[in-house]
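Source file: data.csv (CSV, C-alpha atoms)
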chain,number,residue,atom,x,y,z
A,1,MET,CA,165.9,-180.1,133.1
A,2,LYS,CA,168.0,-177.7,135.1
A,3,LYS,CA,166.7,-176.5,138.5
A,4,THR,CA,165.7,-172.9,138.6
A,5,ARG,CA,168.0,-170.8,140.8
A,6,TYR,CA,167.0,-167.7,142.6
A,7,ARG,CA,169.4,-165.0,143.6
A,8,LYS,CA,168.0,-164.4,147.0
A,9,LYS,CA,165.2,-166.0,149.1
A,10,LEU,CA,162.8,-163.3,150.4
A,11,LYS,CA,161.8,-163.5,154.1
A,12,ILE,CA,158.0,-163.5,154.1
A,13,ALA,CA,156.1,-163.0,157.4
A,14,ILE,CA,152.6,-164.6,157.5
A,15,ILE,CA,150.6,-163.0,160.3
A,16,MET,CA,147.6,-165.1,161.4
A,17,GLY,CA,145.3,-165.6,164.4
A,18,GLY,CA,144.3,-162.4,165.9
A,19,LYS,CA,141.8,-161.1,168.6
A,20,SER,CA,138.7,-161.3,166.5
A,21,SER,CA,136.0,-164.0,166.5
A,22,GLU,CA,137.5,-165.1,163.1
A,23,HIS,CA,140.7,-166.3,164.9
A,24,GLU,CA,140.3,-170.0,163.8
A,25,VAL,CA,139.5,-169.2,160.2
A,26,SER,CA,142.6,-166.9,160.1
A,27,LEU,CA,144.7,-169.8,161.3
A,28,LYS,CA,143.4,-172.0,158.5
A,29,SER,CA,144.1,-169.3,155.9
A,30,GLY,CA,147.6,-168.8,157.3
A,31,ARG,CA,148.5,-172.5,157.2
A,32,SER,CA,147.2,-172.7,153.7
A,33,VAL,CA,149.6,-169.9,152.7
A,34,LEU,CA,152.5,-171.6,154.4
A,35,GLU,CA,151.7,-174.9,152.6
A,36,ASN,CA,151.6,-173.2,149.2
A,37,LEU,CA,154.5,-170.7,149.5
A,38,ASP,CA,157.3,-171.6,147.1
A,39,LYS,CA,160.2,-172.5,149.5
A,40,ARG,CA,162.7,-172.2,146.7
A,41,LYS,CA,162.0,-168.5,146.6
A,42,TYR,CA,160.8,-167.6,150.1
A,43,ILE,CA,161.7,-168.2,153.7
A,44,PRO,CA,158.4,-168.2,155.6
A,45,LEU,CA,158.1,-166.7,159.0
A,46,PRO,CA,154.8,-167.6,160.6
A,47,ILE,CA,153.6,-165.1,163.2
A,48,LEU,CA,150.8,-166.0,165.5
A,49,ILE,CA,148.7,-163.4,167.3
A,50,THR,CA,146.9,-165.0,170.2
A,51,LYS,CA,143.3,-164.3,171.1
A,52,LYS,CA,144.7,-162.1,173.9
A,53,GLY,CA,146.8,-160.1,171.4
A,54,VAL,CA,150.2,-161.5,172.1
A,55,TRP,CA,152.5,-161.7,169.0
A,56,GLN,CA,154.5,-165.0,168.9
A,57,THR,CA,157.0,-166.8,166.6
A,58,LYS,CA,158.6,-170.2,167.1
A,59,LYS,CA,161.7,-168.4,168.4
A,60,THR,CA,159.9,-166.2,170.9
A,61,LYS,CA,156.6,-165.8,172.7
A,62,ASN,CA,157.4,-162.2,173.5
A,63,THR,CA,155.5,-159.5,171.5
A,64,ILE,CA,158.4,-157.0,171.5
A,65,ASP,CA,161.0,-159.6,170.3
A,66,THR,CA,158.5,-160.8,167.7
A,67,LEU,CA,158.1,-157.3,166.3
A,68,LYS,CA,161.9,-156.9,166.1
A,69,ILE,CA,162.0,-160.1,164.0
A,70,LEU,CA,159.1,-158.9,161.9
A,71,GLN,CA,161.0,-155.7,161.0
A,72,LYS,CA,163.8,-157.7,159.4
A,73,THR,CA,161.4,-159.4,156.9
A,74,ASP,CA,161.2,-158.4,153.2
A,75,ALA,CA,157.4,-158.5,153.0
A,76,VAL,CA,154.3,-159.5,155.0
A,77,ILE,CA,151.2,-161.5,154.1
A,78,ILE,CA,148.4,-160.5,156.5
A,79,MET,CA,146.0,-163.4,157.0
A,80,LEU,CA,143.9,-161.8,159.7
A,81,HIS,CA,140.2,-161.7,159.2
A,82,GLY,CA,137.8,-159.2,160.8
A,83,PRO,CA,138.6,-156.5,163.4
A,84,PHE,CA,142.2,-156.0,164.6
A,85,GLY,CA,143.7,-157.1,161.3
A,86,GLU,CA,141.5,-156.6,158.3
A,87,ASP,CA,140.4,-153.2,159.4
A,88,GLY,CA,143.6,-151.2,158.9
A,89,THR,CA,145.1,-151.5,162.4
A,90,VAL,CA,147.9,-154.0,161.5
A,91,GLN,CA,148.3,-152.2,158.1
A,92,GLY,CA,149.0,-149.0,160.0
A,93,LEU,CA,151.6,-150.8,162.1
A,94,LEU,CA,153.4,-152.1,159.0
A,95,GLU,CA,153.3,-148.7,157.5
A,96,LEU,CA,155.1,-147.4,160.6
A,97,PHE,CA,157.7,-150.2,160.1
A,98,ASP,CA,158.0,-149.2,156.4
A,99,LEU,CA,157.3,-152.8,155.4
A,100,PRO,CA,155.7,-154.0,152.2
A,101,TYR,CA,152.5,-156.0,152.8
A,102,VAL,CA,150.0,-157.8,150.7
A,103,GLY,CA,146.6,-156.2,150.2
A,104,ALA,CA,144.7,-153.0,150.8
A,105,GLY,CA,146.1,-150.0,152.7
A,106,VAL,CA,144.9,-148.4,155.9
A,107,PHE,CA,142.1,-146.3,154.4
A,108,THR,CA,140.7,-149.1,152.2
A,109,SER,CA,140.9,-151.7,154.9
A,110,ALA,CA,139.1,-149.5,157.4
A,111,LEU,CA,136.4,-148.5,154.9
A,112,CYS,CA,135.6,-151.9,153.6
A,113,MET,CA,135.4,-153.3,157.1
A,114,ASN,CA,132.6,-150.8,157.7
A,115,LYS,CA,129.7,-152.3,155.7
A,116,ILE,CA,127.4,-149.2,156.2
A,117,LYS,CA,130.0,-146.6,155.0
A,118,THR,CA,130.8,-148.8,152.0
A,119,LYS,CA,127.1,-149.0,151.1
A,120,GLU,CA,126.8,-145.2,151.4
A,121,ILE,CA,129.7,-144.8,148.9
A,122,MET,CA,128.1,-147.3,146.5
A,123,LYS,CA,124.8,-145.5,146.7
A,124,ALA,CA,126.5,-142.1,146.1
A,125,ASN,CA,128.0,-143.6,143.0
A,126,LYS,CA,124.8,-145.1,141.7
A,127,ILE,CA,125.8,-148.7,142.3
A,128,LEU,CA,122.8,-150.8,143.1
A,129,THR,CA,122.8,-152.2,146.7
A,130,PRO,CA,120.0,-153.7,148.8
A,131,ASP,CA,117.9,-151.2,150.7
A,132,TYR,CA,118.8,-151.0,154.4
A,133,VAL,CA,118.3,-149.6,157.9
A,134,ASN,CA,121.2,-149.1,160.3
A,135,PHE,CA,121.4,-148.0,164.0
A,136,LEU,CA,123.7,-148.0,167.0
A,137,LYS,CA,123.4,-150.2,170.1
A,138,ILE,CA,122.5,-147.1,172.2
A,139,GLU,CA,119.7,-146.3,169.8
A,140,TRP,CA,118.4,-149.8,170.1
A,141,GLN,CA,118.4,-149.7,173.8
A,142,LYS,CA,116.4,-146.5,173.9
A,143,ASN,CA,114.0,-147.0,171.0
A,144,LYS,CA,113.5,-150.7,170.2
A,145,GLU,CA,109.9,-150.4,169.1
A,146,LYS,CA,110.6,-147.4,166.9
A,147,ILE,CA,113.4,-149.3,165.1
A,148,LEU,CA,111.4,-152.4,164.7
A,149,LYS,CA,108.6,-150.5,163.1
A,150,GLN,CA,111.0,-148.7,160.8
A,151,ILE,CA,112.5,-152.0,159.7
A,152,THR,CA,109.1,-153.6,159.2
A,153,LYS,CA,107.8,-150.7,157.2
A,154,LYS,CA,110.9,-150.1,155.0
A,155,LEU,CA,112.1,-153.7,154.5
A,156,GLY,CA,109.4,-156.1,155.5
A,157,PHE,CA,110.2,-159.8,156.0
A,158,PRO,CA,112.4,-161.7,155.6
A,159,ASN,CA,115.4,-159.4,155.9
A,160,VAL,CA,119.1,-159.8,156.7
A,161,VAL,CA,120.6,-158.7,160.0
A,162,LYS,CA,124.4,-158.1,160.1
A,163,PRO,CA,127.0,-156.8,162.5
A,164,ASN,CA,128.5,-153.8,160.8
A,165,ASN,CA,132.2,-154.7,161.0
A,166,LEU,CA,132.7,-158.5,160.9
A,167,GLY,CA,133.2,-161.2,158.3
A,168,SER,CA,132.8,-164.9,157.7
A,169,SER,CA,129.0,-164.5,158.1
A,170,ILE,CA,129.4,-164.4,161.9
A,171,GLY,CA,126.4,-162.9,163.7
A,172,ILE,CA,124.3,-162.8,160.5
A,173,SER,CA,120.6,-164.0,160.6
A,174,ILE,CA,117.6,-163.9,158.3
A,175,PRO,CA,114.6,-163.2,160.5
A,176,LYS,CA,111.1,-163.9,159.1
A,177,ASN,CA,109.0,-162.1,161.7
A,178,LYS,CA,109.2,-159.5,164.5
A,179,ARG,CA,110.2,-162.0,167.2
A,180,GLN,CA,113.0,-163.4,165.1
A,181,LEU,CA,114.1,-159.9,164.2
A,182,GLN,CA,114.6,-158.9,167.9
A,183,LYS,CA,116.6,-162.1,168.5
A,184,ALA,CA,118.7,-161.5,165.4
A,185,ILE,CA,119.5,-158.0,166.4
A,186,ASN,CA,120.5,-159.1,169.9
A,187,LEU,CA,122.8,-161.7,168.4
A,188,ALA,CA,124.5,-159.2,166.1
A,189,LEU,CA,125.0,-156.8,168.9
A,190,LYS,CA,127.3,-159.3,170.6
A,191,TYR,CA,129.8,-158.6,167.8
A,192,SER,CA,129.3,-155.0,166.9
A,193,ASN,CA,127.9,-151.8,168.4
A,194,GLN,CA,126.4,-150.9,165.0
A,195,ILE,CA,123.8,-153.0,163.2
A,196,LEU,CA,122.9,-153.2,159.5
A,197,VAL,CA,119.5,-154.6,158.4
A,198,GLU,CA,119.2,-155.2,154.7
A,199,ASP,CA,116.4,-156.1,152.3
A,200,TYR,CA,116.6,-159.8,151.6
A,201,ILE,CA,117.5,-160.4,147.9
A,202,LYS,CA,116.5,-163.9,146.9
A,203,GLY,CA,118.7,-164.9,144.0
A,204,LYS,CA,122.2,-166.0,143.1
A,205,GLU,CA,125.2,-165.1,145.2
A,206,ILE,CA,128.2,-164.3,143.0
A,207,HIS,CA,131.8,-163.6,143.9
A,208,CYS,CA,134.4,-161.8,141.8
A,209,GLY,CA,138.0,-161.8,142.8
A,210,VAL,CA,140.1,-158.9,141.7
A,211,ILE,CA,143.9,-158.8,141.8
A,212,GLY,CA,146.5,-156.1,141.0
A,213,ASN,CA,147.3,-152.5,141.8
A,214,GLU,CA,146.8,-149.7,139.2
A,215,LYS,CA,145.9,-152.2,136.5
A,216,PRO,CA,143.7,-154.7,138.3
A,217,LEU,CA,142.4,-158.0,136.8
A,218,ALA,CA,138.9,-159.4,137.4
A,219,LEU,CA,139.1,-163.2,137.9
A,220,PRO,CA,136.4,-165.7,136.7
A,221,LEU,CA,133.2,-165.5,138.7
A,222,ASP,CA,132.1,-168.0,141.4
A,223,GLU,CA,128.5,-168.9,142.2
A,224,VAL,CA,127.9,-170.4,145.6
A,225,LYS,CA,125.0,-172.8,146.4
A,226,PRO,CA,125.0,-173.4,150.1
A,227,LYS,CA,123.3,-176.5,151.5
A,228,ARG,CA,122.1,-174.3,154.5
A,229,GLU,CA,119.6,-171.5,154.5
A,230,PHE,CA,122.3,-169.0,153.4
A,231,TYR,CA,126.1,-168.9,153.0
A,232,ASP,CA,126.8,-168.9,156.8
A,233,TYR,CA,129.9,-169.8,158.8
A,234,LYS,CA,129.4,-173.5,158.5
A,235,ALA,CA,128.5,-173.3,154.8
A,236,LYS,CA,131.7,-171.4,154.2
A,237,TYR,CA,134.2,-173.4,156.1
A,238,LYS,CA,132.9,-176.9,156.5
A,239,PRO,CA,133.7,-179.1,153.5
A,240,GLY,CA,130.7,-180.3,151.6
A,241,MET,CA,128.3,-177.7,153.0
A,242,SER,CA,128.4,-175.6,149.8
A,243,GLU,CA,128.6,-176.2,146.1
A,244,HIS,CA,130.8,-173.8,144.1
A,245,LEU,CA,130.3,-173.3,140.4
A,246,THR,CA,133.5,-171.8,139.0
A,247,PRO,CA,133.2,-170.2,136.5
A,248,ALA,CA,129.6,-169.2,137.4
A,249,PRO,CA,127.1,-170.4,134.8
A,250,LEU,CA,126.0,-167.0,133.7
A,251,SER,CA,125.7,-165.5,130.2
A,252,LEU,CA,128.8,-163.9,128.8
A,253,GLU,CA,127.1,-160.5,128.8
A,254,LEU,CA,126.1,-160.7,132.5
A,255,THR,CA,129.6,-162.1,133.4
A,256,LYS,CA,131.3,-159.2,131.8
A,257,LYS,CA,128.9,-156.7,133.4
A,258,ILE,CA,129.7,-158.1,136.9
A,259,GLN,CA,133.4,-158.2,136.2
A,260,LYS,CA,133.3,-154.6,134.9
A,261,GLN,CA,131.4,-153.5,138.1
A,262,ALA,CA,133.8,-155.3,140.3
A,263,LEU,CA,136.8,-153.4,138.8
A,264,GLU,CA,134.8,-150.2,139.2
A,265,ILE,CA,134.2,-150.9,142.8
A,266,TYR,CA,137.8,-152.0,143.4
A,267,LYS,CA,139.0,-148.6,142.0
A,268,LEU,CA,136.3,-146.7,143.9
A,269,VAL,CA,137.5,-148.0,147.3
A,270,GLU,CA,141.2,-147.7,146.2
A,271,GLY,CA,141.9,-151.4,146.3
A,272,ASP,CA,145.4,-152.8,146.2
A,273,GLY,CA,146.8,-156.3,145.8
A,274,LEU,CA,143.6,-158.3,146.1
A,275,ALA,CA,139.9,-158.3,147.1
A,276,ARG,CA,136.8,-160.4,146.7
A,277,ILE,CA,133.7,-158.4,145.7
A,278,ASP,CA,130.4,-160.1,146.4
A,279,PHE,CA,127.2,-159.6,144.5
A,280,LEU,CA,123.6,-160.8,144.6
A,281,ILE,CA,121.8,-161.4,141.3
A,282,GLN,CA,118.0,-161.2,141.1
A,283,LYS,CA,116.2,-161.3,137.7
A,284,ASN,CA,119.4,-160.1,136.0
A,285,LYS,CA,119.7,-157.1,138.4
A,286,VAL,CA,123.1,-156.9,140.0
A,287,TYR,CA,123.2,-155.8,143.6
A,288,PHE,CA,126.5,-155.0,145.4
A,289,ASN,CA,126.8,-156.9,148.6
A,290,GLU,CA,130.3,-156.2,150.1
A,291,VAL,CA,134.1,-156.0,149.6
A,292,ASN,CA,136.4,-158.4,151.4
A,293,THR,CA,139.9,-157.0,151.5
A,294,ILE,CA,141.4,-160.2,153.1
A,295,PRO,CA,139.2,-163.1,151.9
A,296,GLY,CA,139.7,-166.6,153.1
A,297,PHE,CA,142.6,-168.7,151.8
A,298,THR,CA,141.5,-172.1,153.2
A,299,LYS,CA,140.9,-175.2,151.2
A,300,THR,CA,137.2,-174.3,150.7
A,301,SER,CA,137.9,-170.6,149.9
A,302,ILE,CA,136.8,-168.9,146.8
A,303,LEU,CA,139.6,-166.6,145.6
A,304,PRO,CA,142.4,-169.2,145.2
A,305,LYS,CA,139.8,-171.3,143.3
A,306,GLU,CA,139.0,-168.5,141.0
A,307,ALA,CA,142.7,-167.9,140.3
A,308,GLU,CA,143.1,-171.6,139.6
A,309,ILE,CA,140.3,-171.4,137.0
A,310,ALA,CA,142.2,-168.5,135.4
A,311,GLY,CA,145.2,-170.7,135.1
A,312,ILE,CA,147.1,-169.3,138.1
A,313,SER,CA,148.3,-172.0,140.6
A,314,PHE,CA,148.2,-171.3,144.3
A,315,PRO,CA,152.0,-170.8,144.6
A,316,ARG,CA,152.0,-168.6,141.5
A,317,PHE,CA,149.0,-166.7,143.0
A,318,LEU,CA,151.1,-166.0,146.1
A,319,ASP,CA,154.0,-164.9,143.9
A,320,LEU,CA,151.8,-162.3,142.2
A,321,LEU,CA,150.4,-161.0,145.5
A,322,ILE,CA,154.0,-160.6,146.9
A,323,GLY,CA,155.0,-158.9,143.7
A,324,TYR,CA,152.1,-156.4,144.0
A,325,ALA,CA,153.1,-155.6,147.6
A,326,LEU,CA,156.7,-154.9,146.6
A,327,GLU,CA,155.5,-152.8,143.6
A,328,LYS,CA,153.2,-150.7,145.8
A,329,HIS,CA,155.9,-150.2,148.3
A,330,ARG,CA,158.4,-148.9,145.7
A,331,VAL,CA,156.0,-146.2,144.4

Final structure tokens representation of the file:
Amino acid sequence: MKKTRYRKKLKIAIIMGGKSSEHEVSLKSGRSVLENLDKRKYIPLPILITKKGVWQTKKTKNTIDTLKILQKTDAVIIMLHGPFGEDGTVQGLLELFDLPYVGAGVFTSALCMNKIKTKEIMKANKILTPDYVNFLKIEWQKNKEKILKQITKKLGFPNVVKPNNLGSSIGISIPKNKRQLQKAINLALKYSNQILVEDYIKGKEIHCGVIGNEKPLALPLDEVKPKREFYDYKAKYKPGMSEHLTPAPLSLELTKKIQKQALEIYKLVEGDGLARIDFLIQKNKVYFNEVNTIPGFTKTSILPKEAEIAGISFPRFLDLLIGYALEKHRV
């Protein structure tokens, strides 16, 4: 068999690390991309952003020099999770450099990082989402008892407390009484100045990957069964702490319903390239949970596994994502 020849190897920058509390997860995702990128087609350029915000390559540890190198690449894969990367900030920089990059643009990245604003858009479009209460840090400091009463009356216990703009389940708790609720809110406030408290939906947690630009494709569904109380940081990233059923053991009718809604949500938030859209299922009711515009790419991550079930190998999956980035940039 003849070896396939490619006219030109594309220089692909992979940005990882970052200033957020998801730094370590980002590094794992970045390394996974590096391992699976087809070296016959691409010249990988790993770029590390330190926890202090310094941009580095193997050639230089100087941010300015690193950005000069970045500007000479053909496309960029952003493997930054959380603030300062998944929220539109790095996307804006790459727009200024006129560089193609994988994934959602500035608007979509910023929107989906903000859980509360995303939920407001879902409610406005009659997409079912768990009931919730939200408030700012300054409001909590001034009116703790009022907020606690509001949460207790509207949501009851247990409920789910989340920082508004963070991923990987960092800072999330499921309090079962008022004392635990106060503790959960104080924990979440370490990561965000705005807090989201949701109704606890006891049921199945289902994920649906979506890839593509103007004609997106919904991937096979994944159901996660964490071995902890919920799908927290350890359950997500420590091997053996969760069981994933891919494809999810749901009826064909329910599967199609979820995939259809995932595509609707993807278009609603103006998604590009890829996203993972998470749902909660209770008594065949489908609740929207959140949109992840840069989901994990580690060995235990969901999206690459869903692609594999769809017959798309990891290297081919990266091919497609780079292709979507170049396609979007040409428009």

query = Smallest atom-to-atom distance to Leu128 in chain A: which of A:Leu320, A:Ile302, A:Ile258, A:Leu196, using only C-alpha atoms?
reply =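 Comparing A:Leu320, A:Ile302, A:Ile258, A:Leu196 against Leu128 in chain A, the winner is A:Ile258.
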
Point-to-point distance from CA of Ile309 in chain A to CA of Lys215 in chain A, Å rounded to tenths =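 That distance, rounded to one decimal, is 20.0 Å.
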
message = Using only C-alpha atoms, can you tell me which of A:Lys202, A:Lys225, A:Lys257, A:Lys68 comes closest to Gln282 in chain A?
response = A:Lys202

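By chain and then residue number, the residues within 6 Å of range 168-179 of chain A are A:Phe157, A:Pro158, A:Asn159, A:Val160, A:Val161, A:Lys162, A:Ala184, A:Ala188, A:Asp232, A:Tyr233, counting only C-alpha atoms and disregarding those fewer than 5 positions away in sequence.
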
ask   = Do you know which residues are at most 12 Å from Thr118 in chain A counting all atoms listed in the file, after dropping those on the same chain fewer than 3 positions away, and could you put them as number ranges by chain?
value = A: 107-115, 121-125, 127, 129, 164-165, 196, 265-266, 268-270, 277, 288-292

Can you spit out the residues from that selection as a tab-separated table (two decimals), in the frame of the given file, using C-alpha atoms?
chain	number	residue	atom	x	y	z
A	107	PHE	CA	142.10	-146.30	154.40
A	108	THR	CA	140.70	-149.10	152.20
A	109	SER	CA	140.90	-151.70	154.90
A	110	ALA	CA	139.10	-149.50	157.40
A	111	LEU	CA	136.40	-148.50	154.90
A	112	CYS	CA	135.60	-151.90	153.60
A	113	MET	CA	135.40	-153.30	157.10
A	114	ASN	CA	132.60	-150.80	157.70
A	115	LYS	CA	129.70	-152.30	155.70
A	121	ILE	CA	129.70	-144.80	148.90
A	122	MET	CA	128.10	-147.30	146.50
A	123	LYS	CA	124.80	-145.50	146.70
A	124	ALA	CA	126.50	-142.10	146.10
A	125	ASN	CA	128.00	-143.60	143.00
A	127	ILE	CA	125.80	-148.70	142.30
A	129	THR	CA	122.80	-152.20	146.70
A	164	ASN	CA	128.50	-153.80	160.80
A	165	ASN	CA	132.20	-154.70	161.00
A	196	LEU	CA	122.90	-153.20	159.50
A	265	ILE	CA	134.20	-150.90	142.80
A	266	TYR	CA	137.80	-152.00	143.40
A	268	LEU	CA	136.30	-146.70	143.90
A	269	VAL	CA	137.50	-148.00	147.30
A	270	GLU	CA	141.20	-147.70	146.20
A	277	ILE	CA	133.70	-158.40	145.70
A	288	PHE	CA	126.50	-155.00	145.40
A	289	ASN	CA	126.80	-156.90	148.60
A	290	GLU	CA	130.30	-156.20	150.10
A	291	VAL	CA	134.10	-156.00	149.60
A	292	ASN	CA	136.40	-158.40	151.40

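With CA of Ser301 in chain A on one side and CA of Glu243 in chain A on the other, the separation reads 11.5 Å.
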
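Considering the residues A:Lys204, A:Lys28, A:Lys39, A:Lys52 and counting all atoms listed in the file, Pro295 in chain A has its shortest atom-to-atom contact with A:Lys28.
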
Point (148.8, -166.4, 164.8), cut-off 9 Å, counting all atoms listed in the file, residues as number ranges by chain = A: 14-18, 23, 26-27, 30, 46-51, 54-57, 79-80

Within 12 Å of range 138-147 of chain A using only C-alpha atoms, minus same-chain residues under 5 positions, as a PyMOL selection string = chain A and resi 133+152-155+178-179+181-183+185-186+188-189+192-197

If you count all atoms listed in the file, which residues fall within 7 Å of Pro100 in chain A, apart from same-chain ones fewer than 3 positions away, as a compact mmCIF listing (two decimals) with C-alpha atoms, keeping the file's coordinate frame?
# COMPACT_ATOMS: atom_id res chain seq x y z
CA ALA A 75 157.40 -158.50 153.00
CA VAL A 76 154.30 -159.50 155.00
CA ALA A 325 153.10 -155.60 147.60
CA LEU A 326 156.70 -154.90 146.60
CA HIS A 329 155.90 -150.20 148.30

The residues within 9 Å of (163.7, -163.8, 146.6), using only C-alpha atoms and the coordinates of the file, should be reported as a CSV table (one decimal) with C-alpha atoms, in the frame of the given file; which are they?
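Done, and the output landed in part_23.csv:
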chain,number,residue,atom,x,y,z
A,6,TYR,CA,167.0,-167.7,142.6
A,7,ARG,CA,169.4,-165.0,143.6
A,8,LYS,CA,168.0,-164.4,147.0
A,9,LYS,CA,165.2,-166.0,149.1
A,10,LEU,CA,162.8,-163.3,150.4
A,11,LYS,CA,161.8,-163.5,154.1
A,40,ARG,CA,162.7,-172.2,146.7
A,41,LYS,CA,162.0,-168.5,146.6
A,42,TYR,CA,160.8,-167.6,150.1
A,43,ILE,CA,161.7,-168.2,153.7
A,74,ASP,CA,161.2,-158.4,153.2

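Put simply, CA of His207 in chain A is 4.5 Å away from CA of Asp278 in chain A.
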
query = Which one is closest to Gly92 in chain A: A:Ile69, A:Leu250, A:Val286, A:Ala104? Count all atoms listed in the file.
reply = A:Ala104

inquiry  = Give me, as a list of chain:residue names, all polymer residues having an atom no more than 10 Å from Ala218 in chain A, counting only C-alpha atoms and skipping those fewer than 4 positions away in the same chain.
reply    =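 Neighbouring residues, sequence-local ones excluded: A:Cys208, A:Gly209, A:Val210, A:Ile211, A:Gly212, A:Lys256, A:Ile258, A:Gln259, A:Lys260, A:Gln261, A:Ala262, A:Leu263, A:Tyr266, A:Leu274, A:Ala275, A:Arg276, A:Ile277, A:Glu306, A:Ala307, A:Ala310.
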